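Undergrad: I am attaching a structure below and will ask some questions about it afterwards.
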Amino acid sequence: MKKAIPILLMAMAFIACQKDPDLNELSSDLIVYTSHDKGANFGKYATYAIPDSILVLDDKSKPTYFAANDPRTTAILGAINSEMKTRGYSRVYDNADADIGLQVSYVKDTNTIISYASTNPYWWYGYDYYWPGSYWNPYWWGWTPSYTYPISYTYTIGSLIIEIIALEDANPSTKKIPVIWTAYMAGILSNNQLNINRTVTGIYQAFEQSPYLQSNGE
């Protein structure tokens, strides 16, 4: 597996609204990309909500998740919650009280090239079990998260995706909920199994290279 990773990384491409991280500063086995809406005011958000499970994107007809009591979920969400708390955000358990929402997905066996602008939907648009607008608010049927910046890259087998959606800025006229931050990490497998230590390292790296993620506590 390790011999295949450098070839995989060479094939990956990422075009976002910020300069790519210096790959020389990362492990040859781990790659972390982040992108964000440069017009977003991350400081104005104070509260966030996050599901207690992780969606697994695969080719199954029924939804698959890492359950709340799964050690993988505990480690991944624990790292995310720790970083959000450090940056001044407070977790709430009622989505209606959240300024922003965090979506966490694990790509199990999908290899897809994604390329879209702000008007285009997710590559998995229509995937029945993706966290829809109605998850965040039961009255938001027909609403969909929408990127506010162009992005293009490849999701590889064994990748983790973290996204921040601006619930507070949902647009009733377009029924769109802005996606204002995306973190993508690859190279988190060991012997075809999710390597928790490497995944958590990737999460910390994603927040480290996103210093604008800081609440003003308003």
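Ligands are numbered from 1 in the order shown, residues from 1 within each chain, and chains are lettered A, B, ... in the order they appear in the structure tokens.
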If we count only C-alpha atoms and set the cut-off at 8 Å, which residues sit around Gly187 (chain A), ignoring sequence neighbours fewer than 2 positions away in its own chain? Please answer as an MDAnalysis selection string.
TA: chainID A and resid 5 29:31 158:159 185 189
Undergrad: Give the answer as one residue: which of A:Thr182, A:Thr156, A:Thr86, A:Asn216 has the shortest atom-to-atom distance to Tyr106 (chain A), using only C-alpha atoms?
TA: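 The answer is A:Thr156, which sits nearest to Tyr106 (chain A).
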Undergrad: Residues near region 140-143 of chain A, anyone? I mean within 10 Å using only C-alpha atoms, not counting same-chain ones fewer than 3 positions away, as a PDB file with all heavy atoms, in the first residue's frame.
TA:
```pdb
ATOM      1  N   PRO A 132     -28.667  16.229   4.450  1.00  0.00           N
ATOM      2  CA  PRO A 132     -29.388  17.257   3.680  1.00  0.00           C
ATOM      3  C   PRO A 132     -29.753  18.440   4.556  1.00  0.00           C
ATOM      4  O   PRO A 132     -29.558  18.428   5.778  1.00  0.00           O
ATOM      5  CB  PRO A 132     -30.643  16.510   3.230  1.00  0.00           C
ATOM      6  CG  PRO A 132     -30.920  15.590   4.387  1.00  0.00           C
ATOM      7  CD  PRO A 132     -29.561  15.180   4.934  1.00  0.00           C
ATOM      8  N   GLY A 133     -30.300  19.487   3.925  1.00  0.00           N
ATOM      9  CA  GLY A 133     -30.752  20.643   4.691  1.00  0.00           C
ATOM     10  C   GLY A 133     -31.757  20.248   5.747  1.00  0.00           C
ATOM     11  O   GLY A 133     -31.807  20.824   6.837  1.00  0.00           O
ATOM     12  N   SER A 134     -32.569  19.244   5.437  1.00  0.00           N
ATOM     13  CA  SER A 134     -33.612  18.833   6.371  1.00  0.00           C
ATOM     14  C   SER A 134     -33.038  18.190   7.630  1.00  0.00           C
ATOM     15  O   SER A 134     -33.717  18.105   8.651  1.00  0.00           O
ATOM     16  CB  SER A 134     -34.589  17.878   5.694  1.00  0.00           C
ATOM     17  OG  SER A 134     -33.909  16.757   5.166  1.00  0.00           O
ATOM     18  N   TYR A 135     -31.786  17.722   7.563  1.00  0.00           N
ATOM     19  CA  TYR A 135     -31.168  17.194   8.775  1.00  0.00           C
ATOM     20  C   TYR A 135     -30.946  18.316   9.774  1.00  0.00           C
ATOM     21  O   TYR A 135     -31.171  18.170  10.975  1.00  0.00           O
ATOM     22  CB  TYR A 135     -29.828  16.514   8.472  1.00  0.00           C
ATOM     23  CG  TYR A 135     -29.060  16.181   9.735  1.00  0.00           C
ATOM     24  CD1 TYR A 135     -29.319  15.001  10.427  1.00  0.00           C
ATOM     25  CD2 TYR A 135     -28.121  17.068  10.267  1.00  0.00           C
ATOM     26  CE1 TYR A 135     -28.653  14.714  11.617  1.00  0.00           C
ATOM     27  CE2 TYR A 135     -27.463  16.794  11.453  1.00  0.00           C
ATOM     28  CZ  TYR A 135     -27.729  15.621  12.116  1.00  0.00           C
ATOM     29  OH  TYR A 135     -27.084  15.343  13.294  1.00  0.00           O
ATOM     30  N   TRP A 136     -30.509  19.459   9.261  1.00  0.00           N
ATOM     31  CA  TRP A 136     -30.167  20.563  10.139  1.00  0.00           C
ATOM     32  C   TRP A 136     -31.399  21.304  10.626  1.00  0.00           C
ATOM     33  O   TRP A 136     -31.390  21.901  11.692  1.00  0.00           O
ATOM     34  CB  TRP A 136     -29.223  21.521   9.413  1.00  0.00           C
ATOM     35  CG  TRP A 136     -27.945  20.850   9.037  1.00  0.00           C
ATOM     36  CD1 TRP A 136     -27.555  20.433   7.788  1.00  0.00           C
ATOM     37  CD2 TRP A 136     -26.891  20.464   9.921  1.00  0.00           C
ATOM     38  NE1 TRP A 136     -26.330  19.828   7.854  1.00  0.00           N
ATOM     39  CE2 TRP A 136     -25.898  19.826   9.144  1.00  0.00           C
ATOM     40  CE3 TRP A 136     -26.691  20.597  11.302  1.00  0.00           C
ATOM     41  CZ2 TRP A 136     -24.730  19.327   9.704  1.00  0.00           C
ATOM     42  CZ3 TRP A 136     -25.523  20.097  11.853  1.00  0.00           C
ATOM     43  CH2 TRP A 136     -24.565  19.474  11.056  1.00  0.00           C
ATOM     44  N   ASN A 137     -32.447  21.303   9.842  1.00  0.00           N
ATOM     45  CA  ASN A 137     -33.686  21.967  10.226  1.00  0.00           C
ATOM     46  C   ASN A 137     -34.834  21.194   9.586  1.00  0.00           C
ATOM     47  O   ASN A 137     -34.903  21.092   8.360  1.00  0.00           O
ATOM     48  CB  ASN A 137     -33.688  23.423   9.739  1.00  0.00           C
ATOM     49  CG  ASN A 137     -34.893  24.208  10.232  1.00  0.00           C
ATOM     50  OD1 ASN A 137     -35.994  23.683  10.320  1.00  0.00           O
ATOM     51  ND2 ASN A 137     -34.687  25.471  10.538  1.00  0.00           N
ATOM     52  N   SER A 146     -24.473  24.464  -0.551  1.00  0.00           N
ATOM     53  CA  SER A 146     -23.931  24.967  -1.814  1.00  0.00           C
ATOM     54  C   SER A 146     -22.581  25.612  -1.572  1.00  0.00           C
ATOM     55  O   SER A 146     -22.419  26.430  -0.668  1.00  0.00           O
ATOM     56  CB  SER A 146     -24.889  25.992  -2.419  1.00  0.00           C
ATOM     57  OG  SER A 146     -24.368  26.541  -3.609  1.00  0.00           O
ATOM     58  N   ALA A 170     -28.303  30.687   5.744  1.00  0.00           N
ATOM     59  CA  ALA A 170     -29.149  29.993   4.769  1.00  0.00           C
ATOM     60  C   ALA A 170     -30.019  31.007   4.032  1.00  0.00           C
ATOM     61  O   ALA A 170     -30.558  31.941   4.631  1.00  0.00           O
ATOM     62  CB  ALA A 170     -30.023  28.969   5.480  1.00  0.00           C
ATOM     63  N   ASN A 171     -30.122  30.829   2.717  1.00  0.00           N
ATOM     64  CA  ASN A 171     -30.827  31.790   1.871  1.00  0.00           C
ATOM     65  C   ASN A 171     -32.215  31.263   1.500  1.00  0.00           C
ATOM     66  O   ASN A 171     -32.337  30.338   0.697  1.00  0.00           O
ATOM     67  CB  ASN A 171     -30.012  32.045   0.602  1.00  0.00           C
ATOM     68  CG  ASN A 171     -30.562  33.197  -0.220  1.00  0.00           C
ATOM     69  OD1 ASN A 171     -31.763  33.436  -0.245  1.00  0.00           O
ATOM     70  ND2 ASN A 171     -29.678  33.904  -0.909  1.00  0.00           N
ATOM     71  N   PRO A 172     -33.284  31.830   2.044  1.00  0.00           N
ATOM     72  CA  PRO A 172     -34.630  31.335   1.764  1.00  0.00           C
ATOM     73  C   PRO A 172     -35.030  31.466   0.296  1.00  0.00           C
ATOM     74  O   PRO A 172     -35.807  30.660  -0.215  1.00  0.00           O
ATOM     75  CB  PRO A 172     -35.524  32.213   2.647  1.00  0.00           C
ATOM     76  CG  PRO A 172     -34.616  32.746   3.707  1.00  0.00           C
ATOM     77  CD  PRO A 172     -33.290  32.921   3.031  1.00  0.00           C
ATOM     78  N   THR A 174     -33.143  31.125  -2.419  1.00  0.00           N
ATOM     79  CA  THR A 174     -32.517  30.118  -3.277  1.00  0.00           C
ATOM     80  C   THR A 174     -32.540  28.718  -2.660  1.00  0.00           C
ATOM     81  O   THR A 174     -32.218  27.746  -3.331  1.00  0.00           O
ATOM     82  CB  THR A 174     -31.042  30.487  -3.547  1.00  0.00           C
ATOM     83  OG1 THR A 174     -30.319  30.508  -2.302  1.00  0.00           O
ATOM     84  CG2 THR A 174     -30.945  31.840  -4.231  1.00  0.00           C
ATOM     85  N   LYS A 175     -32.898  28.642  -1.379  1.00  0.00           N
ATOM     86  CA  LYS A 175     -32.889  27.368  -0.650  1.00  0.00           C
ATOM     87  C   LYS A 175     -31.498  26.732  -0.660  1.00  0.00           C
ATOM     88  O   LYS A 175     -31.341  25.535  -0.825  1.00  0.00           O
ATOM     89  CB  LYS A 175     -33.936  26.402  -1.216  1.00  0.00           C
ATOM     90  CG  LYS A 175     -35.365  26.823  -0.914  1.00  0.00           C
ATOM     91  CD  LYS A 175     -36.346  25.700  -1.192  1.00  0.00           C
ATOM     92  CE  LYS A 175     -37.734  26.083  -0.699  1.00  0.00           C
ATOM     93  NZ  LYS A 175     -38.717  24.988  -0.887  1.00  0.00           N
ATOM     94  N   LYS A 176     -30.502  27.590  -0.487  1.00  0.00           N
ATOM     95  CA  LYS A 176     -29.122  27.131  -0.435  1.00  0.00           C
ATOM     96  C   LYS A 176     -28.516  27.439   0.932  1.00  0.00           C
ATOM     97  O   LYS A 176     -28.775  28.494   1.511  1.00  0.00           O
ATOM     98  CB  LYS A 176     -28.271  27.803  -1.522  1.00  0.00           C
ATOM     99  CG  LYS A 176     -28.731  27.529  -2.943  1.00  0.00           C
ATOM    100  CD  LYS A 176     -28.541  26.069  -3.327  1.00  0.00           C
ATOM    101  CE  LYS A 176     -28.884  25.830  -4.782  1.00  0.00           C
ATOM    102  NZ  LYS A 176     -28.732  24.397  -5.162  1.00  0.00           N
ATOM    103  N   ILE A 177     -27.738  26.507   1.434  1.00  0.00           N
ATOM    104  CA  ILE A 177     -27.001  26.713   2.671  1.00  0.00           C
ATOM    105  C   ILE A 177     -25.518  26.769   2.308  1.00  0.00           C
ATOM    106  O   ILE A 177     -24.973  25.785   1.811  1.00  0.00           O
ATOM    107  CB  ILE A 177     -27.241  25.564   3.665  1.00  0.00           C
ATOM    108  CG1 ILE A 177     -28.738  25.303   3.834  1.00  0.00           C
ATOM    109  CG2 ILE A 177     -26.607  25.898   5.017  1.00  0.00           C
ATOM    110  CD1 ILE A 177     -29.042  24.062   4.652  1.00  0.00           C
TER     111      ILE A 177
END
```
Undergrad: Quick one: everything within 9 Å of Ala79 (chain A), counting only C-alpha atoms, minus sequence neighbours fewer than 6 positions away in the same chain. Send it as a tab-separated table (two decimals) with all heavy atoms, in the first residue's frame.
TA:
```tsv
chain	number	residue	atom	x	y	z
A	200	VAL	N	-6.32	11.57	12.95
A	200	VAL	CA	-6.35	12.66	13.93
A	200	VAL	C	-5.26	13.68	13.63
A	200	VAL	O	-5.49	14.90	13.72
A	200	VAL	CB	-6.21	12.09	15.35
A	200	VAL	CG1	-5.97	13.22	16.36
A	200	VAL	CG2	-7.46	11.30	15.73
A	201	THR	N	-4.09	13.21	13.22
A	201	THR	CA	-3.02	14.12	12.81
A	201	THR	C	-3.47	14.99	11.65
A	201	THR	O	-3.20	16.19	11.61
A	201	THR	CB	-1.76	13.33	12.41
A	201	THR	OG1	-1.27	12.62	13.54
A	201	THR	CG2	-0.66	14.27	11.89
A	203	ILE	N	-6.54	15.87	10.94
A	203	ILE	CA	-7.53	16.84	11.43
A	203	ILE	C	-6.83	18.02	12.08
A	203	ILE	O	-7.17	19.18	11.82
A	203	ILE	CB	-8.49	16.15	12.42
A	203	ILE	CG1	-9.36	15.13	11.69
A	203	ILE	CG2	-9.36	17.18	13.14
A	203	ILE	CD1	-10.18	14.23	12.60
A	204	TYR	N	-5.85	17.74	12.92
A	204	TYR	CA	-5.10	18.84	13.56
A	204	TYR	C	-4.40	19.69	12.51
A	204	TYR	O	-4.35	20.93	12.62
A	204	TYR	CB	-4.08	18.28	14.55
A	204	TYR	CG	-4.71	17.66	15.80
A	204	TYR	CD1	-4.10	16.58	16.44
A	204	TYR	CD2	-5.89	18.17	16.32
A	204	TYR	CE1	-4.67	16.02	17.58
A	204	TYR	CE2	-6.46	17.61	17.45
A	204	TYR	CZ	-5.85	16.53	18.07
A	204	TYR	OH	-6.42	15.98	19.19
```
